[in-house]
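Q: Quick one: the structure is below, questions incoming.
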Amino acid sequence: MPLLDDMLITKLSRTPFIRLLVRLAMPLGWLLPFRNRSALFFFFPFLHVGGAERVHAALIGCVADKRPWVFFTKRSDNQRFRPLFSARARLFNIWFLLKHGYPFSIGIMAGLINRHKRPVVFGSNSLFYYLLLPHLRQGVRRLDLLHAFGGGTEEFSLPAVPVLDARVLITSRTREDLATQYRDRGIDPNLLERVVLIPNGVEVPPSPPRRKREGKLRILYVGRASEEKRVHLVGSIAAACSQRGLAVSVTLVGDIAPETLGEGAARSCIFSGEIHDREKMDRLYATADLLLLTSSREGFPLVIMEAMAHGVVPLSTAVGGIPEHLHHGENGWLIGNHDDQELIVESACSLIAQACSDPQRLETMSQAAHEYAAAHFSSARFCEAYRRILAPGGYDAHA
């Protein structure tokens with residue numbers, strides 16, 4: 001749904017007529033013959049393949065022992081991540097009822113949640129969730145996760161900010177963006193005290209795989225072909241490296257069609273398609289030297305964390321929270337997010353040429369990437385933080 005439509009719906013949701021319809025539907029939620037024993041309610045848009053969806057599944061895994069309820073509020077492109085959620089929670093993929101039943105679906109859901117004792121609700125990237133929040137009774141603990149700025153959530157979530165008990169952010173860069181937004185929109189700056197920083201977590205092997213730094217330099221791209229990822233630049237970089245005679249192999253993992261890159265660039269790449277088998281993906285990381293990302297906007301991609309955990313050196317545009325963790329020339333390389341995309345291609349090729357000519361430096365950076373991941377991306381720390389914040393009483397953001 002376009003952001004303009006989201007903002008219009010958000011505005012209309014505050015009108016007396018819509019609020020009346022929501023209130024009229026609430027008793028139906030009280031009468032539903034269902035009870036969530038965990039009193040944990042999650043609202044996410046999708047269960048298809050994606051970095052945010054993998055984070056959401058990992059988050060659910062942290063409280064899997066409670067068997068929370070998870071509602072998906074938009075139509076997914078596929079259901080390939082369903083197993084990641086279904087083993088850990090009770091799923092309700094009823095987006096069509098939530099969407100086409102609006103605003104009655106808001107009232108019914110609010111009634112269902114309000115009848116529980118000490119319920120906790122948590123949502124991310126879901127317009128339905130933010131429309132629901134004002135209708136929950138006092139005593140319901142309300143939380144959200146904002147992955148990054150630029151996707152629209154930071155806009156349509158604004159009216160719900162005063163009723164949120166805590167906002168989870170992944171990077172301090174997003175907190176800075178939030179502070180600017182609150183100031184510009186006249187939102188009480190004291191609400192920033194409710195922000196909690198919880199970096200994502202991944203499994204980090206005890207030591208990085210031993211690589212033979214000989215033959216072709218193996219470059220990996222992992223992700224979707226969405227507009228902000230600018231996968232065509234990955235293809236352009238691969239083609240430029242080939243034209244310069246650099247011994248590189250560029251493999252793309254994801255739902256990427258060769259025509260996305262153009263015929264010339266596609267010939268310089270290997271297309272692996274989507275890989276959902278964790279062991280197969282780990283083997284691919286174990287043989288890769290560089291991870292290449294050319295996004296125009298990001299939060300802090302899970303794929304960078306996974307790559308660093310396996311000793312793969314990231315080469316990425318300096319966007320979002322990426323510069324917080326990638327230290328140029330130490331555990332990764334950063335390139336400017338130039339308006340002139342040819343500059344991005346040129347910068348990336350120059351750094352790839354350095355990697356080809358100095359395998360010892362690449363090995364040192366690989367070790368540094370793994371050490372950084374081990375120190376900062378612990379999945380145990382991730383789960384501990386989420387279990388604490390999802391408790392009915394929550395915890396102090398400054399604890």
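We name chains A, B, ... following the order of the structure tokens; residues begin at 1 in each chain, and ligands are numbered from 1 as shown.
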I'd like the neighbourhood of Gly273 in chain A as a VMD selection string, where a residue qualifies if any of its atoms comes within 7 Å (using only C-alpha atoms), though same-chain residues fewer than 5 positions away should be ignored.
A: chain A and resid 253 to 256
Q: Residues as selected, N, CA and C atoms, written as an mmCIF file, in the first residue's frame, can you do that?
A:
data_model
loop_
_atom_site.group_PDB
_atom_site.id
_atom_site.type_symbol
_atom_site.label_atom_id
_atom_site.label_comp_id
_atom_site.auth_asym_id
_atom_site.auth_seq_id
_atom_site.Cartn_x
_atom_site.Cartn_y
_atom_site.Cartn_z
ATOM 1 N N VAL A 253 22.720 -14.307 -4.315
ATOM 2 C CA VAL A 253 21.754 -15.174 -3.636
ATOM 3 C C VAL A 253 20.495 -14.359 -3.367
ATOM 4 N N GLY A 254 19.365 -14.834 -3.876
ATOM 5 C CA GLY A 254 18.106 -14.126 -3.676
ATOM 6 C C GLY A 254 17.214 -14.244 -4.895
ATOM 7 N N ASP A 255 16.060 -13.597 -4.820
ATOM 8 C CA ASP A 255 15.080 -13.664 -5.911
ATOM 9 C C ASP A 255 15.437 -12.657 -6.998
ATOM 10 N N ILE A 256 16.566 -12.887 -7.635
ATOM 11 C CA ILE A 256 17.113 -11.927 -8.596
ATOM 12 C C ILE A 256 17.116 -12.541 -9.987
#
Q: Residues at most 10 Å from range 175-189 of chain A, counting only C-alpha atoms, excluding those fewer than 3 positions away in the same chain, as a PyMOL selection string?
A: chain A and resi 146+148-149+154-155+158-159+161-162+167-172+192-193+195-197+320
Q: Please, which residues of range 199-376 of chain A, numbered as in this document, come out strand (DSSP E or B) from DSSP, as a PyMOL selection string?
A: chain A and resi 202+217-222+248-253+269-273+290-293+313-317+328+332-335
Q: Take the residues that were just selected and, keeping N, CA and C atoms, output them as a short mmCIF file (atom, residue, chain, number, x, y, z; two decimals), in the first residue's frame.
A:
data_model
loop_
_atom_site.label_atom_id
_atom_site.label_comp_id
_atom_site.auth_asym_id
_atom_site.auth_seq_id
_atom_site.Cartn_x
_atom_site.Cartn_y
_atom_site.Cartn_z
N VAL A 202 23.12 -12.93 15.85
CA VAL A 202 23.29 -14.10 14.98
C VAL A 202 24.17 -15.12 15.71
N LEU A 217 38.92 -14.17 -6.37
CA LEU A 217 38.32 -13.58 -5.18
C LEU A 217 36.82 -13.83 -5.25
N ARG A 218 36.26 -14.42 -4.20
CA ARG A 218 34.84 -14.81 -4.23
C ARG A 218 33.99 -13.74 -3.53
N ILE A 219 33.15 -13.11 -4.33
CA ILE A 219 32.30 -12.01 -3.85
C ILE A 219 30.86 -12.50 -3.79
N LEU A 220 30.17 -12.11 -2.73
CA LEU A 220 28.81 -12.60 -2.49
C LEU A 220 27.85 -11.43 -2.31
N TYR A 221 26.69 -11.55 -2.93
CA TYR A 221 25.57 -10.64 -2.62
C TYR A 221 24.43 -11.51 -2.12
N VAL A 222 23.83 -11.12 -1.00
CA VAL A 222 22.70 -11.86 -0.44
C VAL A 222 21.58 -10.87 -0.16
N VAL A 248 37.83 -12.30 -10.24
CA VAL A 248 36.76 -12.33 -9.24
C VAL A 248 35.62 -13.23 -9.72
N SER A 249 34.89 -13.74 -8.75
CA SER A 249 33.67 -14.52 -9.01
C SER A 249 32.57 -13.88 -8.16
N VAL A 250 31.48 -13.45 -8.80
CA VAL A 250 30.40 -12.75 -8.10
C VAL A 250 29.15 -13.62 -8.10
N THR A 251 28.72 -14.03 -6.91
CA THR A 251 27.54 -14.89 -6.76
C THR A 251 26.42 -14.11 -6.09
N LEU A 252 25.24 -14.19 -6.68
CA LEU A 252 24.07 -13.50 -6.15
C LEU A 252 23.09 -14.51 -5.57
N VAL A 253 22.72 -14.31 -4.31
CA VAL A 253 21.75 -15.17 -3.64
C VAL A 253 20.49 -14.36 -3.37
N CYS A 269 27.99 -12.62 -13.59
CA CYS A 269 27.51 -13.06 -12.28
C CYS A 269 27.01 -14.50 -12.31
N ILE A 270 27.01 -15.11 -11.14
CA ILE A 270 26.43 -16.44 -10.94
C ILE A 270 25.16 -16.25 -10.12
N PHE A 271 24.04 -16.80 -10.58
CA PHE A 271 22.76 -16.64 -9.89
C PHE A 271 22.41 -17.93 -9.16
N SER A 272 22.38 -17.86 -7.84
CA SER A 272 22.10 -19.05 -7.03
C SER A 272 20.64 -19.16 -6.62
N GLY A 273 19.84 -18.12 -6.88
CA GLY A 273 18.45 -18.15 -6.45
C GLY A 273 18.35 -18.03 -4.93
N LEU A 290 34.36 -11.68 0.16
CA LEU A 290 33.74 -10.38 0.34
C LEU A 290 32.22 -10.48 0.25
N LEU A 291 31.54 -9.65 1.03
CA LEU A 291 30.10 -9.44 0.88
C LEU A 291 29.92 -8.05 0.28
N LEU A 292 29.18 -7.96 -0.81
CA LEU A 292 29.01 -6.69 -1.51
C LEU A 292 27.57 -6.19 -1.38
N LEU A 293 27.40 -4.99 -0.84
CA LEU A 293 26.08 -4.36 -0.72
C LEU A 293 26.15 -2.94 -1.26
N VAL A 313 34.40 -10.42 4.70
CA VAL A 313 34.63 -8.98 4.84
C VAL A 313 33.57 -8.21 4.05
N PRO A 314 32.77 -7.36 4.72
CA PRO A 314 31.75 -6.60 3.99
C PRO A 314 32.35 -5.40 3.25
N LEU A 315 31.82 -5.15 2.07
CA LEU A 315 32.11 -3.95 1.30
C LEU A 315 30.75 -3.33 1.00
N SER A 316 30.46 -2.19 1.61
CA SER A 316 29.09 -1.67 1.57
C SER A 316 29.05 -0.16 1.45
N THR A 317 27.96 0.32 0.89
CA THR A 317 27.69 1.76 0.94
C THR A 317 27.49 2.16 2.40
N HIS A 328 36.23 1.27 8.41
CA HIS A 328 36.84 1.22 7.08
C HIS A 328 38.30 0.79 7.14
N GLY A 332 36.04 -4.09 7.53
CA GLY A 332 35.21 -3.97 6.34
C GLY A 332 35.61 -2.74 5.56
N TRP A 333 34.93 -2.52 4.43
CA TRP A 333 35.18 -1.33 3.62
C TRP A 333 33.87 -0.59 3.40
N LEU A 334 33.94 0.73 3.43
CA LEU A 334 32.77 1.58 3.20
C LEU A 334 32.99 2.41 1.95
N ILE A 335 31.92 2.57 1.17
CA ILE A 335 31.97 3.45 0.00
C ILE A 335 30.85 4.48 0.13
#
Q: Would you mind listing what lies within 10 Å of Gln138 in chain A as a PyMOL selection string, with only C-alpha atoms counted and same-chain residues fewer than 2 positions away left out?
A: chain A and resi 114+118+134-136+140-142+163
Q: If you run DSSP on the backbone, which residues of range 140-363 of chain A are helix (DSSP H, G or I), as a ChimeraX atom specification?
A: /A:153-156,158-163,172-184,189-194,227-229,231-243,258-260,263-266,278-287,302-309,322-325,341-357,359-363
Q: Name all residues at most 12 Å from Leu233 in chain A (count only C-alpha atoms; drop same-chain ones fewer than 6 positions away) and give them as an mmCIF file with C-alpha atoms, in the first residue's frame.
A:
data_model
loop_
_atom_site.group_PDB
_atom_site.id
_atom_site.type_symbol
_atom_site.label_atom_id
_atom_site.label_comp_id
_atom_site.auth_asym_id
_atom_site.auth_seq_id
_atom_site.Cartn_x
_atom_site.Cartn_y
_atom_site.Cartn_z
ATOM 1 C CA TYR A 221 25.569 -10.645 -2.625
ATOM 2 C CA ALA A 225 15.957 -7.350 -5.653
ATOM 3 C CA GLU A 227 14.556 -0.941 -5.317
ATOM 4 C CA ALA A 239 31.105 -6.299 -15.148
ATOM 5 C CA ALA A 240 33.597 -3.503 -14.426
ATOM 6 C CA THR A 260 17.399 -7.168 -13.518
ATOM 7 C CA LEU A 261 21.081 -6.523 -14.159
ATOM 8 C CA GLY A 262 21.079 -6.239 -17.921
ATOM 9 C CA ALA A 265 26.316 -7.476 -16.280
ATOM 10 C CA ALA A 266 24.405 -10.744 -15.923
ATOM 11 C CA CYS A 269 27.510 -13.061 -12.279
ATOM 12 C CA LEU A 292 29.011 -6.689 -1.512
ATOM 13 C CA LEU A 293 26.081 -4.360 -0.716
ATOM 14 C CA THR A 294 25.120 -1.226 -2.652
ATOM 15 C CA SER A 295 21.900 -0.192 -0.888
ATOM 16 C CA SER A 296 20.582 3.371 -0.898
ATOM 17 C CA SER A 316 29.093 -1.675 1.566
ATOM 18 C CA THR A 317 27.690 1.757 0.941
ATOM 19 C CA ASN A 337 26.451 6.678 -1.170
ATOM 20 C CA ASP A 340 26.547 9.530 -9.228
ATOM 21 C CA GLN A 341 26.273 5.750 -9.333
ATOM 22 C CA GLU A 342 29.345 5.474 -11.535
ATOM 23 C CA LEU A 343 31.341 6.729 -8.549
ATOM 24 C CA ILE A 344 29.952 3.870 -6.452
ATOM 25 C CA VAL A 345 31.014 1.366 -9.106
ATOM 26 C CA GLU A 346 34.468 2.951 -9.392
ATOM 27 C CA SER A 347 35.002 3.022 -5.615
ATOM 28 C CA ALA A 348 33.926 -0.597 -5.216
ATOM 29 C CA CYS A 349 36.175 -1.779 -8.043
#
Q: So that I can see what lies close to Lys11 in chain A, please list as a PyMOL selection string the residues with an atom at most 10 Å from it, counting only C-alpha atoms and leaving out residues fewer than 5 positions away in the same chain.
A: chain A and resi 5-6+131+156+159
Q: Could you check the closest approach to Lys212 in chain A for each of A:Pro45, A:Gly51, A:Gly235, A:Pro359 and tell me which residue wins, using only C-alpha atoms?
A: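 Result for the nearest residue to Lys212 in chain A: A:Pro359.
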Q: Which neighbours of Tyr130 in chain A fall inside 8 Å, counting only C-alpha atoms, when residues of the same chain fewer than 3 positions from it are skipped, and could you give them as a PDB file with N, CA and C atoms, in the first residue's frame?
A:
ATOM      1  N   SER A 126       3.973  -2.568  10.650  1.00  0.00           N
ATOM      2  CA  SER A 126       2.572  -2.914  10.398  1.00  0.00           C
ATOM      3  C   SER A 126       1.653  -1.726  10.661  1.00  0.00           C
ATOM      4  N   LEU A 127       1.005  -1.226   9.611  1.00  0.00           N
ATOM      5  CA  LEU A 127       0.042  -0.139   9.771  1.00  0.00           C
ATOM      6  C   LEU A 127      -1.114  -0.574  10.666  1.00  0.00           C
ATOM      7  N   LEU A 133      -3.232   0.374  18.358  1.00  0.00           N
ATOM      8  CA  LEU A 133      -2.682   0.779  19.657  1.00  0.00           C
ATOM      9  C   LEU A 133      -3.551   1.750  20.462  1.00  0.00           C
ATOM     10  N   PRO A 134      -4.111   2.791  19.866  1.00  0.00           N
ATOM     11  CA  PRO A 134      -4.893   3.735  20.682  1.00  0.00           C
ATOM     12  C   PRO A 134      -6.152   3.136  21.301  1.00  0.00           C
ATOM     13  N   PHE A 156       3.888   6.672   9.505  1.00  0.00           N
ATOM     14  CA  PHE A 156       2.538   6.306   9.947  1.00  0.00           C
ATOM     15  C   PHE A 156       2.488   5.826  11.398  1.00  0.00           C
ATOM     16  N   SER A 157       3.650   5.640  12.021  1.00  0.00           N
ATOM     17  CA  SER A 157       3.659   5.267  13.443  1.00  0.00           C
ATOM     18  C   SER A 157       3.585   6.479  14.369  1.00  0.00           C
ATOM     19  N   ALA A 160       0.926   7.120  17.136  1.00  0.00           N
ATOM     20  CA  ALA A 160       0.901   6.137  18.228  1.00  0.00           C
ATOM     21  C   ALA A 160       2.059   6.303  19.201  1.00  0.00           C
TER      22      ALA A 160
END
Q: As JSON, numbers by chain, please: the residues near Ser105 in chain A (cut-off 8 Å, only C-alpha atoms, same-chain neighbours under 5 positions excluded).
A: {"A": [22, 25, 97, 98, 99]}
Q: Find, counting only C-alpha atoms, the residue in A:Pro323, A:Gly151, A:Pro83, A:Gly201 that gets nearest to Val49 in chain A.
A: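 Checking each candidate against Val49 in chain A, we get A:Pro83 as the closest.
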Q: Pick from A:His56, A:Thr364, A:Asn200, A:Leu12: nearest to His376 in chain A, with only C-alpha atoms counted?
A: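 Among A:His56, A:Thr364, A:Asn200, A:Leu12, it is A:Asn200 that comes nearest to His376 in chain A.
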